[in-house]
Structures are given as structure tokens and as C-alpha cells.
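Asker: Dropping in run.txt, which is compact mmCIF, C-alpha atoms and all ligand atoms:
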# COMPACT_ATOMS: atom_id res chain seq x y z
CA MET A 1 -16.15 -11.50 -6.64
CA GLU A 2 -14.11 -13.94 -4.60
CA LEU A 3 -12.21 -12.93 -1.49
CA LEU A 4 -9.38 -10.48 -2.13
CA ILE A 5 -5.72 -10.55 -1.12
CA ASP A 6 -4.86 -7.14 0.35
CA GLN A 7 -1.20 -7.02 -0.61
CA HIS A 8 -0.38 -3.75 1.18
CA CYS A 9 -2.06 -2.53 4.37
CA HIS A 10 -1.28 -1.33 7.89
CA SER A 11 -2.61 -1.53 11.39
CA VAL A 12 -5.54 0.51 12.74
CA VAL A 13 -6.06 2.57 15.90
CA GLY A 14 -7.19 0.51 18.89
CA ALA A 15 -9.13 3.35 20.54
CA ASP A 16 -12.32 5.36 20.10
CA LEU A 17 -11.90 8.51 17.98
CA ASP A 18 -13.53 11.93 18.08
CA ALA A 19 -14.68 13.60 14.85
CA ASP A 20 -11.50 15.63 14.24
CA ARG A 21 -9.23 12.66 14.87
CA PHE A 22 -11.33 10.49 12.57
CA ALA A 23 -11.23 13.14 9.83
CA SER A 24 -7.48 13.65 10.04
CA LEU A 25 -6.87 9.89 9.77
CA CYS A 26 -9.25 9.53 6.82
CA THR A 27 -7.36 11.70 4.35
CA GLU A 28 -3.75 12.31 3.34
CA ALA A 29 -4.21 16.02 4.15
CA ALA A 30 -1.91 17.68 6.67
CA HIS A 31 -4.74 18.85 8.94
CA ALA A 32 -8.31 17.79 8.33
CA THR A 33 -11.73 18.25 9.89
CA LEU A 34 -15.03 16.63 8.86
CA SER A 35 -15.52 19.38 6.26
CA ASN A 36 -12.42 18.04 4.44
CA LEU A 37 -14.29 14.76 4.02
CA ASP A 38 -16.61 16.47 1.55
CA SER A 39 -14.45 14.79 -1.08
CA GLN A 40 -14.24 11.47 -2.91
CA VAL A 41 -12.67 9.58 0.00
CA GLY A 42 -15.35 10.86 2.39
CA LEU A 43 -18.11 9.91 -0.03
CA ALA A 44 -16.55 6.46 -0.46
CA VAL A 45 -16.50 5.84 3.30
CA ARG A 46 -20.09 7.05 3.67
CA ARG A 47 -21.17 4.94 0.72
CA TRP A 48 -19.64 1.62 1.73
CA CYS A 49 -19.23 1.62 5.53
CA PRO A 50 -22.54 2.56 7.21
CA PRO A 51 -24.28 -0.74 6.31
CA ALA A 52 -21.60 -2.66 8.24
CA LEU A 53 -22.72 -0.66 11.31
CA ASP A 54 -26.46 -1.20 10.57
CA LEU A 55 -26.98 2.24 9.01
CA PRO A 56 -28.12 3.07 5.46
CA PRO A 57 -25.46 4.01 2.87
CA HIS A 58 -24.64 7.75 2.90
CA ALA A 59 -25.61 8.19 6.55
CA SER A 60 -24.41 11.60 7.76
CA TRP A 61 -21.09 11.90 9.58
CA PRO A 62 -22.70 12.65 12.96
CA GLU A 63 -24.98 9.60 12.59
CA TYR A 64 -22.08 7.42 11.49
CA LEU A 65 -19.67 8.55 14.20
CA ASP A 66 -22.33 8.25 16.92
CA ARG A 67 -23.06 4.67 15.88
CA ARG A 68 -19.34 3.90 15.72
CA ALA A 69 -18.87 5.23 19.24
CA GLU A 70 -21.89 3.26 20.46
CA LEU A 71 -20.44 -0.01 19.12
CA GLY A 72 -16.92 0.87 20.29
CA TRP A 73 -13.72 0.69 18.23
CA ALA A 74 -13.26 -3.08 18.54
CA GLU A 75 -16.76 -4.12 17.43
CA ALA A 76 -16.78 -1.47 14.66
CA GLY A 77 -13.35 -2.65 13.50
CA ARG A 78 -14.42 -6.29 13.47
CA ARG A 79 -17.55 -5.54 11.44
CA LEU A 80 -15.76 -3.31 8.93
CA LEU A 81 -12.89 -5.72 8.30
CA ARG A 82 -15.22 -8.71 8.08
CA ALA A 83 -17.38 -6.90 5.51
CA ALA A 84 -14.31 -6.17 3.35
CA GLY A 85 -14.17 -9.75 2.06
CA LEU A 86 -10.42 -10.34 2.37
CA CYS A 87 -8.70 -13.73 2.57
CA THR A 88 -5.12 -12.55 3.20
CA LEU A 89 -3.54 -9.37 4.59
CA LEU A 90 0.08 -8.41 3.89
CA VAL A 91 0.64 -5.95 6.72
CA GLU A 92 3.47 -3.44 6.39
CA THR A 93 4.65 -2.85 9.95
CA GLY A 94 7.11 0.03 9.43
CA ILE A 95 4.53 2.67 10.33
CA GLN A 96 2.11 2.19 13.21
CA PRO A 97 -0.84 4.33 14.26
CA PRO A 98 -1.14 5.17 17.96
CA GLU A 99 -2.38 2.21 20.07
CA ALA A 100 -2.00 -0.01 17.02
CA VAL A 101 -4.04 -3.19 16.83
CA ALA A 102 -1.77 -6.24 16.44
CA PRO A 103 -1.72 -7.72 12.91
CA ALA A 104 -2.98 -11.07 14.23
CA ARG A 105 -6.08 -9.34 15.57
CA LEU A 106 -6.70 -7.65 12.21
CA GLY A 107 -6.56 -11.13 10.71
CA GLU A 108 -9.10 -12.43 13.24
CA TRP A 109 -11.44 -9.53 12.52
CA ALA A 110 -11.15 -10.04 8.76
CA GLY A 111 -11.21 -13.85 8.94
CA ALA A 112 -8.00 -13.67 6.91
CA GLY A 113 -4.44 -14.99 7.00
CA VAL A 114 -1.77 -12.41 7.87
CA HIS A 115 1.84 -12.02 6.70
CA GLU A 116 4.31 -9.23 7.35
CA VAL A 117 6.02 -6.90 4.89
CA VAL A 118 9.14 -5.31 6.40
CA ARG A 119 9.96 -1.64 5.87
CA LEU A 120 13.67 -1.43 5.00
CA GLU A 121 14.26 2.05 6.44
CA GLN A 122 12.71 1.00 9.76
CA VAL A 123 15.14 -1.94 10.04
CA ALA A 124 18.04 0.50 9.54
CA GLU A 125 16.64 3.05 12.01
CA SER A 126 16.29 0.32 14.66
CA LEU A 127 20.09 -0.06 14.52
CA HIS A 128 20.84 3.62 15.18
CA GLY A 129 22.87 3.92 18.37
CA THR A 130 23.66 0.19 18.49
CA VAL A 131 26.36 -0.07 15.79
CA ASP A 132 29.41 1.82 14.55
CA ALA A 133 29.89 3.01 10.98
CA ALA A 134 32.07 0.09 9.90
CA GLY A 135 29.64 -2.43 11.40
CA PHE A 136 26.43 -0.95 10.00
CA ALA A 137 26.23 -2.84 6.69
CA ALA A 138 26.71 -6.28 8.24
CA ALA A 139 24.37 -5.45 11.14
CA PHE A 140 21.68 -4.38 8.68
CA GLU A 141 22.06 -7.60 6.73
CA ARG A 142 21.70 -9.68 9.91
CA ALA A 143 18.71 -7.67 11.16
CA LEU A 144 16.89 -7.95 7.83
CA ALA A 145 17.62 -11.68 7.59
CA ALA A 146 16.17 -12.17 11.08
CA ARG A 147 12.94 -10.36 10.13
CA LEU A 148 12.59 -12.45 6.99
CA ALA A 149 13.34 -15.67 8.88
CA ALA A 150 10.41 -14.76 11.15
CA GLY A 151 8.11 -15.11 8.12
CA ALA A 152 7.94 -11.79 6.24
CA VAL A 153 6.93 -12.25 2.60
CA GLY A 154 8.27 -9.00 1.14
CA VAL A 155 10.05 -5.73 1.82
CA LYS A 156 9.00 -2.12 1.34
CA SER A 157 10.96 1.05 0.54
CA ILE A 158 9.90 4.64 1.19
CA ILE A 159 12.85 6.14 -0.68
CA ALA A 160 10.25 8.20 -2.59
CA TYR A 161 9.46 10.00 0.70
CA ARG A 162 13.01 10.38 1.92
CA TRP A 163 14.86 11.18 -1.32
CA GLY A 164 12.91 10.55 -4.52
CA LEU A 165 12.77 7.86 -7.17
CA ALA A 166 15.68 9.05 -9.35
CA ILE A 167 17.67 6.14 -7.93
CA PRO A 168 21.12 5.49 -9.43
CA ALA A 169 21.33 2.04 -10.99
CA GLN A 170 24.49 1.10 -9.06
CA ARG A 171 24.69 -0.26 -5.53
CA PRO A 172 26.80 2.00 -3.31
CA SER A 173 30.28 0.66 -2.48
CA THR A 174 31.27 -0.55 1.00
CA ALA A 175 33.44 2.54 1.47
CA GLU A 176 30.53 4.84 0.52
CA VAL A 177 28.18 3.05 2.94
CA THR A 178 30.67 3.22 5.82
CA ARG A 179 31.30 6.93 5.22
CA ALA A 180 27.57 7.69 5.00
CA ALA A 181 26.82 5.58 8.10
CA GLY A 182 29.36 7.65 10.05
CA GLY A 183 27.47 10.85 9.22
CA TRP A 184 24.07 9.30 9.97
CA LEU A 185 25.12 7.80 13.31
CA ALA A 186 26.30 11.24 14.46
CA GLY A 187 22.79 12.70 13.93
CA PRO A 188 19.12 11.72 14.32
CA ALA A 189 17.91 8.16 13.60
CA ARG A 190 15.58 9.18 10.76
CA LEU A 191 17.20 7.80 7.61
CA THR A 192 17.46 10.42 4.88
CA ASP A 193 21.01 9.89 3.60
CA PRO A 194 20.73 9.02 -0.11
CA VAL A 195 23.61 6.52 0.00
CA LEU A 196 22.08 4.63 2.91
CA LEU A 197 18.58 4.73 1.39
CA ARG A 198 20.04 3.20 -1.77
CA PHE A 199 22.01 0.66 0.25
CA VAL A 200 18.96 -0.63 2.15
CA LEU A 201 16.92 -0.71 -1.07
CA TRP A 202 19.56 -2.80 -2.84
CA GLN A 203 19.76 -5.10 0.20
CA GLY A 204 16.02 -5.55 -0.25
CA VAL A 205 16.55 -6.39 -3.91
CA ALA A 206 19.20 -8.93 -2.91
CA THR A 207 16.66 -10.88 -0.82
CA GLY A 208 14.87 -11.82 -4.06
CA LEU A 209 11.53 -11.21 -2.31
CA PRO A 210 9.08 -8.73 -3.84
CA VAL A 211 10.14 -5.13 -3.17
CA GLN A 212 7.23 -2.75 -2.62
CA LEU A 213 8.15 0.77 -3.69
CA HIS A 214 6.07 3.77 -2.68
CA THR A 215 5.31 5.80 -5.82
CA GLY A 216 2.90 8.63 -6.53
CA PHE A 217 0.82 10.56 -4.01
CA GLY A 218 0.83 10.29 -0.24
CA ASP A 219 0.85 12.72 2.66
CA PRO A 220 2.60 16.12 2.38
CA ASP A 221 5.91 14.68 3.66
CA LEU A 222 6.35 13.68 0.04
CA ALA A 223 7.72 15.73 -2.87
CA LEU A 224 5.24 14.50 -5.48
CA ALA A 225 7.33 15.38 -8.53
CA GLY A 226 10.10 13.10 -7.26
CA ALA A 227 7.68 10.19 -6.77
CA ASP A 228 7.01 9.59 -10.49
CA PRO A 229 7.82 5.89 -11.00
CA ALA A 230 9.26 6.70 -14.44
CA LEU A 231 12.21 8.24 -12.58
CA ALA A 232 13.03 4.76 -11.24
CA GLN A 233 13.49 3.25 -14.71
CA PRO A 234 17.32 2.93 -14.51
CA PHE A 235 16.99 1.20 -11.12
CA LEU A 236 14.26 -1.12 -12.39
CA ALA A 237 16.27 -1.99 -15.49
CA ALA A 238 19.34 -2.90 -13.42
CA HIS A 239 17.98 -6.08 -11.77
CA ARG A 240 15.31 -8.78 -12.04
CA THR A 241 13.85 -8.91 -8.51
CA PRO A 242 10.07 -8.29 -8.55
CA VAL A 243 9.18 -4.67 -7.76
CA VAL A 244 5.65 -3.59 -6.86
CA LEU A 245 4.91 0.05 -7.71
CA LEU A 246 2.49 1.06 -4.96
CA HIS A 247 -0.33 3.63 -5.40
CA CYS A 248 1.15 5.30 -8.54
CA TYR A 249 -1.47 8.09 -8.90
CA PRO A 250 -1.30 10.45 -10.78
CA TYR A 251 1.43 8.48 -12.62
CA GLN A 252 -0.66 5.34 -13.22
CA ARG A 253 0.02 5.47 -16.97
CA GLN A 254 3.79 5.66 -16.40
CA ALA A 255 3.48 2.71 -14.02
CA GLY A 256 1.51 0.74 -16.61
CA TRP A 257 4.22 1.32 -19.18
CA LEU A 258 6.95 0.19 -16.76
CA ALA A 259 5.00 -3.04 -16.14
CA LEU A 260 4.70 -3.52 -19.89
CA ALA A 261 8.40 -2.88 -20.46
CA TYR A 262 9.82 -4.91 -17.53
CA PRO A 263 8.44 -8.36 -16.73
CA HIS A 264 9.46 -8.08 -13.05
CA VAL A 265 7.45 -4.87 -12.47
CA PHE A 266 3.97 -5.00 -10.92
CA VAL A 267 1.46 -2.19 -10.32
CA ASP A 268 -0.79 -1.79 -7.31
CA VAL A 269 -4.00 0.26 -7.25
CA GLY A 270 -4.30 0.61 -3.46
CA LEU A 271 -4.84 4.01 -1.87
CA THR A 272 -5.69 5.40 -5.31
CA VAL A 273 -8.98 3.52 -5.69
CA THR A 274 -10.05 4.43 -2.13
CA ASN A 275 -9.23 8.11 -2.52
CA LEU A 276 -10.77 8.49 -5.96
CA GLY A 277 -14.18 7.13 -4.95
CA ALA A 278 -16.66 7.64 -7.77
CA ARG A 279 -13.77 8.45 -10.17
CA ALA A 280 -12.03 5.14 -9.49
CA PRO A 281 -13.40 3.30 -12.57
CA ALA A 282 -11.89 5.92 -14.92
CA VAL A 283 -8.47 5.77 -13.27
CA LEU A 284 -8.55 1.98 -12.99
CA ALA A 285 -9.06 1.95 -16.75
CA GLU A 286 -5.85 3.96 -17.13
CA PHE A 287 -3.91 1.55 -14.91
CA VAL A 288 -4.78 -1.29 -17.27
CA GLU A 289 -4.21 0.48 -20.58
CA LEU A 290 -0.70 -0.97 -20.93
CA ALA A 291 0.04 -3.15 -17.89
CA PRO A 292 -0.11 -6.90 -18.58
CA PHE A 293 -3.02 -8.32 -16.62
CA ASP A 294 -0.87 -10.78 -14.64
CA ARG A 295 1.06 -7.81 -13.17
CA LEU A 296 -1.94 -6.05 -11.56
CA LEU A 297 -2.31 -6.13 -7.78
CA PHE A 298 -5.04 -5.08 -5.39
CA SER A 299 -4.50 -3.49 -1.99
CA THR A 300 -6.29 -1.07 0.29
CA ASP A 301 -3.24 0.63 1.88
CA ALA A 302 -5.62 1.00 4.82
CA TYR A 303 -3.97 2.78 7.74
CA ALA A 304 -5.38 3.76 11.13
CA LEU A 305 -9.10 3.44 10.21
CA PRO A 306 -10.77 0.08 9.58
CA GLU A 307 -13.15 2.01 7.32
CA LEU A 308 -10.32 2.28 4.78
CA TYR A 309 -10.20 -1.52 4.46
CA LEU A 310 -13.87 -1.71 3.57
CA ALA A 311 -13.96 1.43 1.38
CA GLY A 312 -10.86 0.18 -0.47
CA ALA A 313 -12.15 -3.35 -1.06
CA ALA A 314 -15.74 -2.40 -1.91
CA GLY A 315 -14.58 0.48 -4.10
CA PHE A 316 -12.23 -1.84 -5.98
CA ARG A 317 -14.91 -4.48 -6.57
CA HIS A 318 -17.31 -1.82 -7.80
CA ALA A 319 -14.80 -0.05 -10.07
CA LEU A 320 -13.60 -3.33 -11.58
CA ALA A 321 -17.17 -4.46 -12.25
CA ARG A 322 -17.91 -1.12 -13.94
CA LEU A 323 -14.82 -1.43 -16.11
CA LEU A 324 -15.60 -5.00 -17.17
CA ASP A 325 -19.28 -4.27 -17.83
CA GLY A 326 -18.13 -1.73 -20.41
CA TRP A 327 -15.59 -4.07 -21.96
CA LEU A 328 -18.10 -6.94 -22.13
CA ALA A 329 -20.76 -4.71 -23.67
CA ASP A 330 -18.19 -3.73 -26.28
CA ALA A 331 -17.23 -7.40 -26.86
CA ALA A 332 -13.62 -6.45 -25.99
CA LEU A 333 -13.16 -9.77 -24.20
CA SER A 334 -15.02 -12.98 -23.44
CA ARG A 335 -16.68 -13.84 -20.11
CA PRO A 336 -14.00 -16.47 -19.34
CA ASP A 337 -11.31 -13.83 -20.07
CA ALA A 338 -13.11 -11.41 -17.75
CA ALA A 339 -13.32 -14.03 -14.98
CA ARG A 340 -9.59 -14.75 -15.28
CA PHE A 341 -8.79 -11.03 -15.21
CA VAL A 342 -10.82 -10.51 -12.04
CA GLU A 343 -9.37 -13.54 -10.26
CA GLY A 344 -5.80 -12.55 -11.09
CA PHE A 345 -6.20 -8.88 -10.20
CA GLY A 346 -7.99 -9.56 -6.92
CA ALA A 347 -5.96 -12.49 -5.60
CA GLY A 348 -4.21 -14.84 -8.02
CA ASN A 349 -1.40 -12.50 -9.10
CA ALA A 350 -0.51 -11.69 -5.47
CA ARG A 351 -0.74 -15.37 -4.49
CA ARG A 352 1.83 -16.27 -7.13
CA LEU A 353 4.08 -13.26 -6.53
CA TYR A 354 4.34 -13.74 -2.76
CA ARG A 355 4.11 -17.57 -2.97
CA LEU A 356 1.11 -17.66 -0.66
CA ALA A 357 -0.75 -20.90 -0.01
CA ASP A 358 -4.28 -21.15 -1.44
ZN ZN A 401 1.20 1.97 2.90
Can you give me the file's structure in the form of C-alpha cells?
Answerer:
Amino acid sequence: MELLIDQHCHSVVGADLDADRFASLCTEAAHATLSNLDSQVGLAVRRWCPPALDLPPHASWPEYLDRRAELGWAEAGRRLLRAAGLCTLLVETGIQPPEAVAPARLGEWAGAGVHEVVRLEQVAESLHGTVDAAGFAAAFERALAARLAAGAVGVKSIIAYRWGLAIPAQRPSTAEVTRAAGGWLAGPARLTDPVLLRFVLWQGVATGLPVQLHTGFGDPDLALAGADPALAQPFLAAHRTPVVLLHCYPYQRQAGWLALAYPHVFVDVGLTVTNLGARAPAVLAEFVELAPFDRLLFSTDAYALPELYLAGAAGFRHALARLLDGWLADAALSRPDAARFVEGFGAGNARRLYRLAD
């Protein structure tokens, strides 16, 4: 398969890691040790990553972590990202691991172009303590415009984490935003007010750039039942700006239906494919039951560990090949159709959506 566009990823830790730290960064669990990596995501990392560090696939954790320490975080990171086969990274900068590696360096390691995706809530939180309630809305607009003028290609919302996806279809009024900003500015910077979360999301919609929306599973900060993308249907139906439903699992079938029903809705398989490991082909098949093929997007959602770039990319290539082998054996599509499907899913759909150069 050609090089992939990773349309949603994050920075990695620029430091050596002990076993417990590595384990806790490898899963979405609240507290993890190496024994928690006896799971699909652990198997996926041990399957795909050791060869990049000159070890056989499925090397044990002690062997792998010793070799990683011997090479050092920078050489290990360079090898893992280079082996992922990525041509473009869209790095979401709203969450940073400790001692984060700069996006430009990730791009050098991967041999890939890099663009930023701006987290809307982070833009708002950066204004806390610098504006008054009446000035918040205009200050947010200016701050977001400045970030986009600096070259960002999309925006991201974590309203699923902070409130849930049952988002009213109406933009909040100026009076509602001012009142809510007054309450927020009197407390901590973390943005959890539902009116302000809606406001920044709709400001994102107003940019016309693709809006990435966290849906489905994540870490335990999230109320999973409120992260079902089907809850966002009234919001999705109320505008025509492209929306990318990130992750989706275990609601991948709901996400596929939303993509079928609304031509501006896209689905992303990142994080899910990495975490499902050997089960990824089955779940990938569910993603594509209803979703039109030009609305499918690949990402790794790699965060903190460069291993998650390689496990995500290699796992995706493998799962997609498995899926298509079955379809081709069943004469469900032609080889040219299969080639088009792969090219679009892995890169072409993202290139068109984010207007990236070839
Ligand atoms: Zn992410």
C-alpha cells in the first residue's frame, strides 16, 4: 500500500521511559502496568514494532524495552515513525505529553509533511484570565483566526469528553455566551460549561474547515454512553461543514449510518484499529457496512508513544488487506475497485477533505 495520510495524531514523549510509564501510555486505562498489555493493543505493539528496533516480531516486553532504552528515545522514535510509512501528519496540538517532541521533528522522523489541527477548547482555555465576559466571544474569534492563519488545516472538539454529544442544533445567543463566560471566568480555566462548549464548536463549524469530533471510547475521563455519535444527529443535520467522527468504537455502525445519511460526515478508524489488534479486520468491516467509501479516513491517533504510530499504520494496512482479500475472493468487487478503495481510505479522501497538496 502507498504511503498513508495520518489525519489525526499527537506528539510523543521526548524522554526515555521505564516499564510502568511505557505501559500506562500504551493503553487508555486509568493505571496500567506491563500486565495490562496482555491485551490486543499490547499484542499489536509486540507484533509490529520489534522489527523496527532489529528484534523479531513478538519479542518479550523486557527484550523490547531493553532494546528501546539501548537505542534511546530519539533513535527509537525515528525508526518507529519511519517504518510507519506515512506521507502526511495532521497533528492535533491541544493535548501534549510531557517533554513533547515538536511536530516538525515528528515530520522529520516520519519523512512526512506536517500540518496542525487546532483544539477548540484549548483556544478558549488560553484566554482564561485575559478577557472579560463581554469580550470573550470576539477574543475567541480572533484567537482562532490567528491559529488558522498560521496554517492549521482543521479544528477538533472534545465536547464528548466535557459534556456529551447530545448537542442542541442551535448556536447559543450572544447573551447566553456572555452570561456563561462570566461564570467560567470566575472559576477554573478548564472549559466544561455546555453553552461555551457549544459556542466554540459552532465557531469551528463557521470556519468551514473540517471539524474533528471525538466520538466513542477514550480514557476514563469520558462518559462512554454520551459519546455515541448518533446523539449528535441534530447537530450534524443543522449545517453542511465537514465533520469527521473520530474513533467511533463501539458505535462504528452508528457512525457508518451517519456518513451514509449526511454527505458532509466522515468516519475515522484511528485508535480503534490500534486497540483492537487481531480483531481489527472484523470491526473495520463494520465501519464500511454503510459508510460511502469516499468518506472513510485513516489515522493512528498516536499519542505519547511512537510505537502507536507504527502499530496503527501497520495494523490498518493488515486489516484492510484482510478485508479486501475476502471481498475479492467473493467477487464482491473488481481489482480496480479495490485499488481505488485502498487509495481513498489511506490517503486520497483526506487529501481532498483537507485540501492537501499531493
Ligand atoms: Zn486524539
Asker: Neighbouring residues of ligand ZN 401 (chain A) are defined here as those with any atom at most 7 Å from a ligand atom, counting only C-alpha atoms and all ligand atoms; list them as a list in words.
Answerer: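 Going residue by residue within 7 Å of ligand ZN 401 (chain A), we get His8, Cys9, His10, Glu92 and Asp301 of chain A.
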Asker: Compare A:Glu108, A:Gly226, A:Leu284, A:Arg147 by their minimum atom-to-atom distance to Gln252 (chain A), counting all atoms listed in the file, and give me the closest one.
Answerer: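 With all atoms listed in the file as the atom set, the closest residue is A:Leu284.
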Asker: Could you state the separation of CA of Glu121 (chain A) and CA of Ile158 (chain A) in Å, given to one decimal place?
Answerer: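 Interatomic distance, CA of Glu121 (chain A) to CA of Ile158 (chain A): 7.3 Å.
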Asker: Leaving out Ala338 (chain A) and any residue of its chain fewer than 6 positions from it, which residues lie within 9 Å of it when counting only C-alpha atoms, given as a count of residues only?
Answerer: 3
Asker: When you count only C-alpha atoms, which of these residues is closest to Pro50 (chain A): A:Arg142, A:Leu310, A:Ala357, A:Ser173?
Answerer: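 Nearest to Pro50 (chain A): A:Leu310.
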Asker: Could you give me, as a ChimeraX atom specification, the residues within 10 Å of Phe293 (chain A), counting only C-alpha atoms and dropping anything in the same chain fewer than 2 positions from it?
Answerer: /A:259-260,266-267,288-291,295-297,340-342,344-345,349
Asker: Give me the residues within 10 Å of region 206-208 of chain A as a count of residues only, counting only C-alpha atoms and dropping any in the same chain fewer than 5 places off.
Answerer: 13
